[in-house]
Each structure stands twice: as C-alpha cells, then as structure tokens.
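First the structure, in the form of structure tokens, and then the observations on it.
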Amino acid sequence: MQQEDQVVEEELVVNEDDEEESLFQDIDLLQNHGINVADIKKLKQVGICTIKGIQMTTKKRLCAVKGISEAKMEKIKEAANKLCDPGFLTALEYSDKRKAVFRITTGSIELDKLCGGGLESMAITEAFGEFRTGKTQLSHTMCVTAQLPGANGYTGGKVVLIDTENTFRPDRLRTIADRFNLDQSAVLDNVIYARAYTSEHQHELLDFVAAKFYEEPGVFKLLIVDSIMALFRVDFSGRGELADRQQKLAQMLSRLQKISEEYNVAVFITNQMTSDPGAALSFQVDPKKPIGGNILAHASTTRISLRKGRGENRVAKIYDSPDLPENEATFAITAGGIADAKE
C-alpha cells in the first residue's frame, strides 16, 4: 500500500512538471532538430527563449541577431514550425486554452467588478488620467495584491515594475502590505524594480524581463510599466519625429503583448494625458485625451480612464474593451493603497 502511495505521489509531481512545461516550449528543444547550442544561446541573449518566441519574431529581426545568417534563420524557423501546431483552433478549443487566464485584484471590489473580476492576464490593461488621478497608486497597490492568492485558484506571484518617471516608492508598499497583513520585507523582496532612462533603455529592459520570466516559469504574474509614454515624449520631439516615435512605440507594445501571451502574465501600463488645443473649436465636452495616438489605443486590450472625484475619491471608467461594458466605478486612495470609496 505504501509503495502504491509513493507511486501516486510521484505521478502527481510529474503531472505538476508537465503543467509547468505546457506554459511554453523551451527553445532548447531545437537541439533535437539540428540547431547547435551556440545559436540557441545567441537567441536567448536577445530575449527569444521559447519556440513561440521564434514564431513571434520576424525573419528580418532573426537575421539581425549577431551570428545568425539567413540560412541559419531559415533552418531555425523551419525547426520551430515543426514543433508548433499550425495555429488554428476551434473557438471551443481556444475557450479551453483561455481557462489559464487569471485575474489580479486591484484592491477595490468596485474597481474589480468594473474590470470583470480584476486585471486580466495575457492582456495589456492601460490606465490613463491627469496627474493625481491615482495611476501610480494603482501600480503600487497592484505590486502587493498580485502576491495575494485570489479567486479561481490564483496562487499569487512576483511582480516586475519598470519605472520611467521615478515615482516608485518602496516604503509605500510597506503601508499597503500592512493593510493585507503581509510581511513587509517579503513583499518588497517579490517586486523586481528597474528604472528606465530612455525609450531605448525601456525596450532593452523588456529583453531582460523576458529572460527572467523564462528562468522562473510561472513565478511572475504581473508586469507594470509606469508610465509607458513618458520617455517617448522626451526622446522624440515635434511632428518630424512623430512617425519614428509611433513606430518605436508600436514595436515596444507588440513586445509587451507577446510577453504577456508567451508567459501568461498580466501587463498593466499607465499613460499620460494631453490637452487638445483645437477642441474648443469643436465643442468637445472633455478636451483632454490620452497620448500615444491610435497605436497605443489599438495595442491596449482594456483602457481605463481615471478622473478625480470628491476628496480622496477617484472615478474609473471603461474607455475601451473587447468584452466589458462601458461602466463607471468609484474608488478611494487610502493609506493602504486603492480601496472602496466610503459613501
């Protein structure tokens, strides 16, 4: 009987490993298809660590990797295609696949309801608003709530935060951790922080993030970029550089979307607003709009607009979403982060 139990336990362990594996196919599998280790290492250095990652990379970009010739690139693509299914599924099969999607609580029940249960994984959620509407406070709160076990078997996990405006304050996390009765040092230890100084640096950091997610599969649950556009606003000026800026932005957002799908993490980005000087002539009710133009608008899965309410209250509204109705929710900014507004 004891032996049987042992066998069952071993099987369970094996199954767990299988589940972890099914998250993504390791790029090392290419070795079985005649790709040498040195070339695989080169791909890993530029943040391509999975078979899906190769599918998500254009031939042009693969050829740009140092030491990868066109012939090698064709061979790598061919081997990756053998390992991957062609990509077509029935809606029912895709629905089963989507069961892996989890949601992270924002700290406010009302705001969670608005977002359909919390921030969704395998998607980019964008929050935009003027200064002091709670964008950074939301980021800080999410750093802590992502570590809490949640609904539908969500286990909690680590967080990566890329800060472009120097607004991240680790001590702020301590007071939020106290609200949820968590150990402060443990909470801070689970947040990996990077400060980006230029838009190019910001993009390079994403390669590091992809490598980190690959090293520790299933451990990271949330990637925050606060804020996505700040550095692009600085590095590119005037109409002359607008096309170039939007192209670079599109590449970066595409990378974010791919990372979120490849490693099943939630991506939360904040965005700034701009005043539209021509709005007075067209009699718009609200002349302010989020920056980043259509590129950012199409890349974000769900867009949430934030505005100031009475006192500490803020109002969130679904601005654009593929599956959520246009609703509003009121939340409050408290010492313990984002919480429900007191009526």
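In the structure tokens, chains take letters A, B, ... by order of appearance, with residues numbered from 1 within each chain and ligands from 1 in the order shown.
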
**Prompt:** Which neighbours of Leu188 of chain A fall inside 10 Å, counting only C-alpha atoms, when residues of the same chain fewer than 5 positions from it are skipped, and could you give them as a ChimeraX atom specification?
**Reply:** /A:143-144,158-159,170-171,173-174,177,183,193

Would you mind exporting N, CA, C and O atoms of the selected residues as a JSON list (two decimals), in the first residue's frame?
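Below is the file that was written, out_25.json:
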[["chain", "number", "residue", "atom", "x", "y", "z"],
["A", 143, "CYS", "N", 1.26, 45.94, -7.00],
["A", 143, "CYS", "CA", 2.52, 45.26, -6.63],
["A", 143, "CYS", "C", 2.28, 44.32, -5.44],
["A", 143, "CYS", "O", 2.91, 43.28, -5.33],
["A", 144, "VAL", "N", 1.37, 44.73, -4.56],
["A", 144, "VAL", "CA", 1.10, 43.93, -3.36],
["A", 144, "VAL", "C", -0.02, 42.91, -3.62],
["A", 144, "VAL", "O", 0.10, 41.73, -3.29],
["A", 158, "LYS", "N", 5.22, 36.88, -8.23],
["A", 158, "LYS", "CA", 6.11, 38.04, -8.20],
["A", 158, "LYS", "C", 5.70, 39.09, -9.23],
["A", 158, "LYS", "O", 4.92, 38.80, -10.14],
["A", 159, "VAL", "N", 6.28, 40.29, -9.07],
["A", 159, "VAL", "CA", 5.92, 41.43, -9.91],
["A", 159, "VAL", "C", 7.19, 42.07, -10.47],
["A", 159, "VAL", "O", 8.20, 42.15, -9.78],
["A", 170, "PRO", "N", 9.36, 52.34, -2.51],
["A", 170, "PRO", "CA", 9.22, 51.05, -1.82],
["A", 170, "PRO", "C", 8.51, 51.18, -0.47],
["A", 170, "PRO", "O", 7.76, 50.29, -0.07],
["A", 171, "ASP", "N", 8.71, 52.31, 0.22],
["A", 171, "ASP", "CA", 8.07, 52.48, 1.54],
["A", 171, "ASP", "C", 6.55, 52.53, 1.42],
["A", 171, "ASP", "O", 5.83, 52.22, 2.37],
["A", 173, "LEU", "N", 4.89, 50.61, -0.43],
["A", 173, "LEU", "CA", 4.46, 49.20, -0.42],
["A", 173, "LEU", "C", 4.33, 48.66, 1.00],
["A", 173, "LEU", "O", 3.53, 47.77, 1.26],
["A", 174, "ARG", "N", 5.15, 49.22, 1.91],
["A", 174, "ARG", "CA", 5.11, 48.72, 3.30],
["A", 174, "ARG", "C", 3.74, 48.97, 3.93],
["A", 174, "ARG", "O", 3.18, 48.10, 4.57],
["A", 177, "ALA", "N", 1.24, 46.69, 2.42],
["A", 177, "ALA", "CA", 1.43, 45.32, 2.92],
["A", 177, "ALA", "C", 0.79, 45.17, 4.30],
["A", 177, "ALA", "O", 0.18, 44.14, 4.61],
["A", 183, "ASP", "N", 4.02, 40.27, 5.44],
["A", 183, "ASP", "CA", 5.35, 40.64, 5.91],
["A", 183, "ASP", "C", 5.97, 41.64, 4.93],
["A", 183, "ASP", "O", 6.11, 41.35, 3.74],
["A", 193, "TYR", "N", 12.43, 45.70, -9.52],
["A", 193, "TYR", "CA", 12.25, 47.09, -9.97],
["A", 193, "TYR", "C", 13.37, 47.50, -10.91],
["A", 193, "TYR", "O", 14.53, 47.14, -10.70]]

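Among the candidate residues A:Gly87, A:Ala211, A:Thr175, A:Ser199, the one lying nearest to Lys44 of chain A is A:Ala211, with distances computed using only C-alpha atoms.
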
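In this comparison, which uses only C-alpha atoms, the residue of A:Cys49, A:Ala339, A:Ile269, A:Leu222 approaching Ser108 of chain A most closely is A:Ala339.
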
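Distance check against Asp244 of chain A using only C-alpha atoms: of A:Phe232, A:Cys84, A:Ile109, A:Thr302, the minimum falls on A:Phe232.
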
**Prompt:** What are the DSSP alpha helix (DSSP H) residues of segment 96-206 of chain A, as a PyMOL selection string?
**Reply:** chain A and resi 96-97+109-114+135-145+170-179+184-189+199-206

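Checking A:Asp112, A:Glu120, A:Asp163, A:Glu326 one by one against Asp226 of chain A, counting only C-alpha atoms, you find the shortest gap at A:Asp163.
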
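Compared by their closest atoms to Arg233 of chain A, and using only C-alpha atoms, the residues A:Asp178, A:Ile291, A:Gly116, A:Asp276 rank with A:Ile291 nearest.
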
**Prompt:** Given the choices A:Ile176, A:Ile295, A:Ile333, A:Ile48, which gets closest to Gln251 of chain A if the distance is worked out from only C-alpha atoms?
**Reply:** A:Ile295

**Asked** Using only C-alpha atoms, which residues sit within 12 Å of Ala38 of chain A once same-chain residues fewer than 6 positions away are excluded, as a PyMOL selection string?
**Response** chain A and resi 28+30-31+44-45+66-68+72

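Using only C-alpha atoms, the protein and nucleic acid residues lying no more than 7 Å from Leu253 of chain A, apart from those fewer than 4 places from it along its own chain, are Leu249, Gln257 and Ala299 of chain A.
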
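The environment of Thr301 of chain A within 7 Å, counting only C-alpha atoms and disregarding residues fewer than 2 places along the same chain, consists of Ala123, Ile124, Thr125, Ala299, Arg303, Ser321 and Pro322 of chain A.
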
Would you mind exporting the chosen residues as a short mmCIF file (atom, residue, chain, number, x, y, z; two decimals), in the first residue's frame, restricted to N, CA, C and O atoms?
data_model
loop_
_atom_site.label_atom_id
_atom_site.label_comp_id
_atom_site.auth_asym_id
_atom_site.auth_seq_id
_atom_site.Cartn_x
_atom_site.Cartn_y
_atom_site.Cartn_z
N ALA A 123 -3.02 39.97 -21.39
CA ALA A 123 -3.62 41.17 -21.98
C ALA A 123 -2.91 42.40 -21.43
O ALA A 123 -2.27 42.33 -20.38
N ILE A 124 -3.03 43.51 -22.16
CA ILE A 124 -2.47 44.77 -21.68
C ILE A 124 -3.62 45.63 -21.18
O ILE A 124 -4.57 45.91 -21.92
N THR A 125 -3.56 46.03 -19.91
CA THR A 125 -4.57 46.93 -19.35
C THR A 125 -3.90 48.30 -19.18
O THR A 125 -2.85 48.40 -18.56
N ALA A 299 -3.27 48.84 -29.28
CA ALA A 299 -2.43 47.83 -28.62
C ALA A 299 -2.99 47.43 -27.26
O ALA A 299 -2.88 46.28 -26.85
N ARG A 303 -8.81 49.67 -21.83
CA ARG A 303 -8.35 51.01 -21.44
C ARG A 303 -9.29 51.56 -20.37
O ARG A 303 -10.51 51.54 -20.54
N SER A 321 -12.81 48.28 -24.44
CA SER A 321 -12.55 46.90 -24.04
C SER A 321 -13.25 45.95 -25.00
O SER A 321 -14.32 46.26 -25.49
N PRO A 322 -12.63 44.77 -25.27
CA PRO A 322 -13.28 43.84 -26.19
C PRO A 322 -14.47 43.11 -25.57
O PRO A 322 -15.33 42.61 -26.28
#
